Amino acid sequence: MTRPIVVVGGGLAGIAASLRLIDAGQRVVLIESRKKLGGRATSFVDPRTSETLDNCQHVLMGSCTNLIDLYERLGVLSSITWHRRIWWANPPRTHEIMEPRRLPAPLHFGLSFMAMQLLDASDKRALARAMWRLIRLGTEGREAWRGRAFSEFLDETRQPQRVRELFFEPVITSACNMPCGRCDAFHAMFVFQAGFLQDAWSPVMGLATVPLASLYDAAHPLLCDAGGALRTGVSALALAFDGDRITGVVTDEGVVDASAVIAAVPPDRLAKLCSQTLRDADCRLARLDEIPFSPILGVHLFFSQPILTTPHLVLPGRATHWLFDKGRDSHGRVHLHAVVSAADEWIDLDEAAITERIMHDIHWALPSTRGIDPVAVRAVKEKRATFACVPGIDALRPKATPDGVRGGIKNLCLAGDWCATNWPATMEGAVRSGYLAAQGLIGGRGVVAGVPPAPLARLLGL
Ligand SMILES: Cc1cc2nc3c(=O)[nH]c(=O)nc-3n(C[C@H](O)[C@H](O)[C@H](O)COP(=O)(O)OP(=O)(O)OC[C@H]3O[C@@H](n4cnc5c(N)ncnc54)[C@H](O)[C@@H]3O)c2cc1C
């Protein structure tokens with residue numbers, strides 16, 4: 001029997017790569033150090049309550065065509081609900097609604113923006129100026145902003161402080177896990193151009209209705225039916241390199257011979273799997289230790305009475321960025337999830353201090369909840385949640401495939417949201433990298449095409 005292709009890392013990138021390989025008739029061994037799949041987009045059983053909780057709420061968008069393709073392959077697309085409306089808190093008024101309405105893209109948010117009272121008329125004019133500039137820049141114009149801070153663009157388009165705080169910061173900090181002043185403008189602009197402006201489907205928000213970990217259940221039987229294996233609870237220790245090719249993966253349970261390897265682990269982990277000889281040989285591996293990270297805090301809060309009246313809520317201008325209604329847990333308690341992106345300032349706080357701050361924001365956004373406190377809390381700190389999307393980050397992100405790379409080892413592909421995909425650190429970026437890596441080894445299907453811009457958006461420059 002020929003040696004299998006070994007995929008190291010069972011996050012979204014590794015799962016995506018594995019499924020593409022088996023669909024092309026390859027035998028795959030997927031090695032994952034944890035007991036379950038999903039990596040950073042997964043669930044855990046909380047030992048305090050025995051509840052299955054997601055490490056954090058994960059949001060996808062209509063623009064995530066490759067993630068949607070993967071969910072379809074796993075047979076779980078029906079477990080995603082789609083939300084056209086995004087609710088924004090604006091106390092003491094009722095929540096504001098942002099949604100695509102009647103007008104063709106890129107004007108589709110125009111009507112709901114005009115109705116929103118969060119921003120006044122001059123704020124809205126300034127925002128329209130920035131959006132118009134983003135439309136006219138198009139994708140080519142965006143390239144010129146690679147390596148600059150997005151705040152420079154906000155300065156250039158004369159955005160008032162209120163518009164920055166109430167609109168740009170919540171959107172960019174959530175999407176790129178980095179505030180505007182420290183976020184690479186190329187990626188922030190991508191969020192608006194491809195995620196909001198170019199068509200009306202891309203900004204529709206998808207939320208899983210089941211625990212994230214269960215989305216990947218089908219991967220195991222699919223791998224086995226194709227003659228391969230899923231080995232969870234097994235850690236890769238090193239990539240075996242003979243000076244020319246990768247010959248296998250050394251694990252804590254012995255060596256797994258490989259015809260080729262896809263390394264789908266985060267960059268700091270990959271650095272530990274590579275000998276200096278290997279890193280010197282393939283320049284994709286040279287700068288793995290330089291990739292910076294940015295934290296996210298997810299807080300599960302349980303109440304004895306309803307809190308949110310909408311499925312989710314953006315808290316503009318607050319330290320807490322989003323609230324999500326997670327329904328009721330198995331004890332009948334109301335389950336709310338709060339998310340703080342770029343959470344550097346929160347990482348050293350204990351759970352009591354975190355709860356106090358989050359509740360302060362909840363009481364601000366929902367004044368009728370003042371005086372109500374949670375009956376239980378579970379804060380999940382992810383210190384290395386995503387790569388830090390700082391100016392110049394793309395120079396550190398290696399290609400998934402060895403083609404055209406100095407010393408690129410032919411039977412080694414890389415995958416992970418940190419690889420060069422032009423996407424910020426997202427589930428979509430991870431799946432794209434996995435598909436690219438599989439294509440790099442065996443050819444065939446690569447990434448699924450993105451959503452095309454609507455005709456008027458294309459005509460105007462997007
Ligand atoms: C708190 C939080 C919130 C987020 N919110 C969103 C969101 O709303 N929307 C969105 O699109 N993205 C979000 N993301 C980002 C998203 O989770 C990631 O981009 C994506 O899951 C990365 O997938 P990956 O496969 O590249 O990496 P990972 O998920 O990190 O997978 C790597 C896998 O490799 C395994 N591994 C590591 N070392 C070894 C080893 N030596 N041997 C074997 N296995 C190993 C790990 O256990 C892991 O399972 C969020 C991330 C976090 C942390």
# chains A, B, ... in the order shown; residues from 1 in each chain; ligands from 1
>>> residues_near_ligand(ligand="ligand 1", cutoff="7 Å", atoms="only C-alpha atoms and all ligand atoms", output="mmCIF file with N, CA and C atoms, in the first residue's frame")
data_model
loop_
_atom_site.group_PDB
_atom_site.id
_atom_site.type_symbol
_atom_site.label_atom_id
_atom_site.label_comp_id
_atom_site.auth_asym_id
_atom_site.auth_seq_id
_atom_site.Cartn_x
_atom_site.Cartn_y
_atom_site.Cartn_z
ATOM 1 N N VAL A 8 -1.370 17.214 9.623
ATOM 2 C CA VAL A 8 -1.134 17.449 11.057
ATOM 3 C C VAL A 8 -1.969 18.645 11.493
ATOM 4 N N GLY A 9 -2.902 18.425 12.400
ATOM 5 C CA GLY A 9 -3.746 19.514 12.906
ATOM 6 C C GLY A 9 -5.169 19.364 12.396
ATOM 7 N N GLY A 10 -6.096 19.155 13.339
ATOM 8 C CA GLY A 10 -7.496 18.929 12.964
ATOM 9 C C GLY A 10 -8.383 20.129 13.225
ATOM 10 N N GLY A 11 -7.857 21.340 12.966
ATOM 11 C CA GLY A 11 -8.710 22.530 12.952
ATOM 12 C C GLY A 11 -9.390 22.608 11.588
ATOM 13 N N LEU A 12 -10.016 23.737 11.315
ATOM 14 C CA LEU A 12 -10.750 23.852 10.048
ATOM 15 C C LEU A 12 -9.840 23.676 8.837
ATOM 16 N N ALA A 13 -8.605 24.193 8.928
ATOM 17 C CA ALA A 13 -7.694 24.077 7.789
ATOM 18 C C ALA A 13 -7.358 22.609 7.523
ATOM 19 N N GLY A 14 -7.057 21.861 8.586
ATOM 20 C CA GLY A 14 -6.703 20.451 8.435
ATOM 21 C C GLY A 14 -7.889 19.614 7.976
ATOM 22 N N ILE A 31 -3.837 13.797 11.993
ATOM 23 C CA ILE A 31 -3.326 13.708 13.374
ATOM 24 C C ILE A 31 -3.708 14.970 14.137
ATOM 25 N N GLU A 32 -4.365 14.800 15.254
ATOM 26 C CA GLU A 32 -4.807 15.951 16.055
ATOM 27 C C GLU A 32 -4.459 15.684 17.518
ATOM 28 N N SER A 33 -3.781 16.645 18.127
ATOM 29 C CA SER A 33 -3.306 16.399 19.491
ATOM 30 C C SER A 33 -4.437 16.388 20.526
ATOM 31 N N ARG A 34 -5.518 17.120 20.245
ATOM 32 C CA ARG A 34 -6.611 17.095 21.217
ATOM 33 C C ARG A 34 -7.502 15.880 20.964
ATOM 34 N N LEU A 37 -11.973 17.405 17.154
ATOM 35 C CA LEU A 37 -11.602 18.260 16.027
ATOM 36 C C LEU A 37 -12.095 19.689 16.248
ATOM 37 N N GLY A 38 -11.604 20.595 15.423
ATOM 38 C CA GLY A 38 -12.147 21.965 15.424
ATOM 39 C C GLY A 38 -11.149 23.022 15.854
ATOM 40 N N GLY A 39 -10.081 22.636 16.563
ATOM 41 C CA GLY A 39 -9.038 23.601 16.939
ATOM 42 C C GLY A 39 -9.605 24.780 17.693
ATOM 43 N N ARG A 40 -9.415 25.967 17.131
ATOM 44 C CA ARG A 40 -9.867 27.188 17.800
ATOM 45 C C ARG A 40 -11.367 27.436 17.615
ATOM 46 N N ALA A 41 -12.006 26.677 16.723
ATOM 47 C CA ALA A 41 -13.449 26.845 16.515
ATOM 48 C C ALA A 41 -14.135 25.572 16.983
ATOM 49 N N ASN A 55 -15.892 27.482 22.636
ATOM 50 C CA ASN A 55 -14.818 28.285 23.223
ATOM 51 C C ASN A 55 -15.147 29.760 23.033
ATOM 52 N N CYS A 56 -15.828 30.059 21.915
ATOM 53 C CA CYS A 56 -16.301 31.429 21.680
ATOM 54 C C CYS A 56 -17.334 31.370 20.558
ATOM 55 N N GLN A 57 -18.240 32.326 20.555
ATOM 56 C CA GLN A 57 -19.168 32.437 19.432
ATOM 57 C C GLN A 57 -18.374 32.624 18.152
ATOM 58 N N HIS A 58 -18.676 31.851 17.135
ATOM 59 C CA HIS A 58 -18.034 32.026 15.840
ATOM 60 C C HIS A 58 -19.083 32.457 14.817
ATOM 61 N N VAL A 59 -18.753 33.538 14.119
ATOM 62 C CA VAL A 59 -19.673 34.118 13.139
ATOM 63 C C VAL A 59 -19.107 33.874 11.748
ATOM 64 N N LEU A 60 -19.957 33.426 10.824
ATOM 65 C CA LEU A 60 -19.518 33.426 9.429
ATOM 66 C C LEU A 60 -20.404 34.371 8.656
ATOM 67 N N VAL A 234 -3.237 12.419 19.605
ATOM 68 C CA VAL A 234 -1.862 12.083 19.196
ATOM 69 C C VAL A 234 -1.168 13.379 18.787
ATOM 70 N N SER A 235 -0.012 13.630 19.390
ATOM 71 C CA SER A 235 0.701 14.880 19.072
ATOM 72 C C SER A 235 1.860 14.630 18.127
ATOM 73 N N ALA A 236 1.942 15.458 17.090
ATOM 74 C CA ALA A 236 3.123 15.431 16.232
ATOM 75 C C ALA A 236 4.265 16.075 17.015
ATOM 76 N N LEU A 237 5.439 15.459 16.929
ATOM 77 C CA LEU A 237 6.609 16.005 17.635
ATOM 78 C C LEU A 237 7.611 16.605 16.658
ATOM 79 N N ALA A 264 -0.993 21.703 9.285
ATOM 80 C CA ALA A 264 -2.121 22.620 9.505
ATOM 81 C C ALA A 264 -2.205 23.004 10.975
ATOM 82 N N VAL A 265 -1.067 23.371 11.535
ATOM 83 C CA VAL A 265 -1.010 23.794 12.943
ATOM 84 C C VAL A 265 -0.626 25.279 12.978
ATOM 85 N N PRO A 266 -0.883 25.967 14.076
ATOM 86 C CA PRO A 266 -0.484 27.382 14.152
ATOM 87 C C PRO A 266 1.039 27.555 13.989
ATOM 88 N N ARG A 269 3.467 26.435 16.724
ATOM 89 C CA ARG A 269 3.535 24.974 16.851
ATOM 90 C C ARG A 269 4.362 24.385 15.711
ATOM 91 N N LEU A 273 7.942 21.809 15.249
ATOM 92 C CA LEU A 273 7.986 20.523 14.520
ATOM 93 C C LEU A 273 9.129 20.468 13.510
ATOM 94 N N ILE A 296 -8.708 37.035 22.171
ATOM 95 C CA ILE A 296 -10.168 37.254 22.196
ATOM 96 C C ILE A 296 -10.681 36.661 23.505
ATOM 97 N N LEU A 297 -11.649 37.365 24.088
ATOM 98 C CA LEU A 297 -12.275 36.878 25.314
ATOM 99 C C LEU A 297 -13.737 36.540 25.007
ATOM 100 N N GLY A 298 -14.150 35.334 25.350
ATOM 101 C CA GLY A 298 -15.561 34.944 25.218
ATOM 102 C C GLY A 298 -16.101 34.669 26.611
ATOM 103 N N GLU A 382 -8.714 33.357 25.120
ATOM 104 C CA GLU A 382 -7.876 32.751 24.067
ATOM 105 C C GLU A 382 -6.758 33.747 23.778
ATOM 106 N N ARG A 384 -3.924 33.425 22.184
ATOM 107 C CA ARG A 384 -3.425 33.387 20.801
ATOM 108 C C ARG A 384 -4.592 33.082 19.881
ATOM 109 N N ALA A 385 -5.623 33.929 19.976
ATOM 110 C CA ALA A 385 -6.855 33.641 19.226
ATOM 111 C C ALA A 385 -6.622 33.698 17.722
ATOM 112 N N THR A 386 -5.962 34.769 17.281
ATOM 113 C CA THR A 386 -5.704 34.930 15.839
ATOM 114 C C THR A 386 -4.338 35.594 15.689
ATOM 115 N N ALA A 415 -0.990 24.850 5.974
ATOM 116 C CA ALA A 415 -2.375 25.322 6.016
ATOM 117 C C ALA A 415 -2.636 25.957 7.369
ATOM 118 N N GLY A 416 -3.608 26.836 7.397
ATOM 119 C CA GLY A 416 -3.941 27.538 8.639
ATOM 120 C C GLY A 416 -4.356 28.960 8.279
ATOM 121 N N ASP A 417 -5.165 29.557 9.155
ATOM 122 C CA ASP A 417 -5.664 30.908 8.872
ATOM 123 C C ASP A 417 -4.529 31.920 8.724
ATOM 124 N N TRP A 418 -3.327 31.570 9.202
ATOM 125 C CA TRP A 418 -2.173 32.477 9.175
ATOM 126 C C TRP A 418 -1.421 32.409 7.844
ATOM 127 N N ALA A 425 -7.679 36.596 9.817
ATOM 128 C CA ALA A 425 -7.695 35.305 10.516
ATOM 129 C C ALA A 425 -9.131 34.896 10.797
ATOM 130 N N THR A 426 -9.671 34.058 9.955
ATOM 131 C CA THR A 426 -11.069 33.641 10.056
ATOM 132 C C THR A 426 -11.184 32.162 9.707
ATOM 133 N N MET A 427 -12.366 31.624 9.969
ATOM 134 C CA MET A 427 -12.632 30.245 9.573
ATOM 135 C C MET A 427 -12.535 30.123 8.053
ATOM 136 N N GLU A 428 -13.032 31.129 7.340
ATOM 137 C CA GLU A 428 -12.956 31.102 5.877
ATOM 138 C C GLU A 428 -11.494 31.064 5.413
ATOM 139 N N GLY A 429 -10.657 31.885 6.038
ATOM 140 C CA GLY A 429 -9.238 31.897 5.677
ATOM 141 C C GLY A 429 -8.614 30.528 5.929
ATOM 142 N N ALA A 430 -8.998 29.891 7.041
ATOM 143 C CA ALA A 430 -8.446 28.570 7.372
ATOM 144 C C ALA A 430 -8.853 27.546 6.307
#
>>> closest_atom_pairs(of="segment 336-438 of chain A", to="segment 68-84 of chain A", cutoff="10 Å", atoms="only C-alpha atoms", output="CSV")
residue,atom,partner,partner_atom,distance
A:Glu428,CA,A:Ile68,CA,8.5
A:Val431,CA,A:Leu70,CA,7.6
A:Arg432,CA,A:Leu70,CA,9.9
A:Tyr435,CA,A:Leu70,CA,9.7
>>> residues_around(residues="His360 of chain A", least_positions_apart="5", cutoff="9 Å", atoms="only C-alpha atoms", output="number ranges by chain")
A: 355, 365, 370
>>> write_last_selection(atoms="C-alpha atoms", output="compact mmCIF listing (two decimals), in the first residue's frame")
# COMPACT_ATOMS: atom_id res chain seq x y z
CA THR A 355 -18.06 39.81 34.92
CA ALA A 365 -27.10 48.49 26.44
CA ARG A 370 -30.15 46.96 35.69
>>> closest_residue(among="A:Pro4, A:Pro170, A:Pro100, A:Gly444", to="Asp23 of chain A", atoms="only C-alpha atoms")
A:Gly444
>>> closest_residue(among="A:Ala342, A:Ala226, A:Gly233, A:Pro398", to="Ala286 of chain A", atoms="only C-alpha atoms")
A:Pro398
>>> atom_distance(atom1="atom CA of Arg445 of chain A", atom2="atom CA of Phe241 of chain A")
27.9 Å
>>> residues_around(residues="Gly446 of chain A", least_positions_apart="4", cutoff="10 Å", atoms="only C-alpha atoms", output="PDB file with C-alpha atoms, in the first residue's frame")
ATOM      1  CA  ARG A  20     -10.398  17.621  -0.425  1.00  0.00           C
ATOM      2  CA  ASN A  66     -15.272  28.028   1.120  1.00  0.00           C
ATOM      3  CA  ARG A 432      -9.175  28.424   1.952  1.00  0.00           C
ATOM      4  CA  SER A 433      -5.656  27.584   3.065  1.00  0.00           C
ATOM      5  CA  GLY A 434      -6.624  23.930   3.494  1.00  0.00           C
ATOM      6  CA  TYR A 435      -8.095  23.764   0.006  1.00  0.00           C
ATOM      7  CA  LEU A 436      -5.015  25.496  -1.432  1.00  0.00           C
ATOM      8  CA  ALA A 437      -2.698  23.060   0.354  1.00  0.00           C
ATOM      9  CA  ALA A 438      -4.604  20.021  -0.958  1.00  0.00           C
ATOM     10  CA  GLN A 439      -4.524  21.460  -4.451  1.00  0.00           C
ATOM     11  CA  GLY A 440      -0.799  22.115  -4.083  1.00  0.00           C
TER      12      GLY A 440
END
>>> select_by_dssp(residues="segment 254-405 of chain A", states="helix (DSSP H, G or I)", output="number ranges by chain")
A: 267-273, 276-281, 283-285, 288-290, 344-346, 351-365, 367-369, 393-396
>>> closest_residue(among="A:Thr173, A:Gln198, A:Thr310, A:Thr232", to="Ala388 of chain A", atoms="only C-alpha atoms")
A:Thr173
>>> atom_distance(atom1="atom CA of Ala121 of chain A", atom2="atom CA of Leu154 of chain A")
17.8 Å
>>> atom_distance(atom1="atom CA of Leu366 of chain A", atom2="atom CA of Met116 of chain A")
17.7 Å
>>> select_by_dssp(residues="segment 40-146 of chain A", states="strand (DSSP E)", output="NGL selection string")
:A and (43-45 or 52-54 or 59-61 or 80-83 or 86-88 or 96-98)
>>> write_last_selection(atoms="C-alpha atoms", output="CSV table (one decimal), in the first residue's frame")
chain,number,residue,atom,x,y,z
A,43,SER,CA,-16.6,23.3,22.0
A,44,PHE,CA,-15.7,21.9,25.4
A,45,VAL,CA,-17.6,20.3,28.3
A,52,THR,CA,-21.1,21.8,26.3
A,53,LEU,CA,-19.9,25.4,25.5
A,54,ASP,CA,-18.2,26.8,22.5
A,59,VAL,CA,-19.7,34.1,13.1
A,60,LEU,CA,-19.5,33.4,9.4
A,61,MET,CA,-20.7,35.6,6.6
A,80,ILE,CA,-26.4,27.4,10.4
A,81,THR,CA,-29.1,30.1,10.7
A,82,TRP,CA,-28.7,33.2,8.6
A,83,HIS,CA,-29.3,36.7,9.9
A,86,ILE,CA,-27.7,43.3,12.6
A,87,TRP,CA,-28.9,44.9,15.8
A,88,TRP,CA,-27.0,47.8,17.3
A,96,GLU,CA,-31.1,50.1,15.7
A,97,ILE,CA,-31.3,47.8,12.8
A,98,MET,CA,-28.7,47.6,10.0
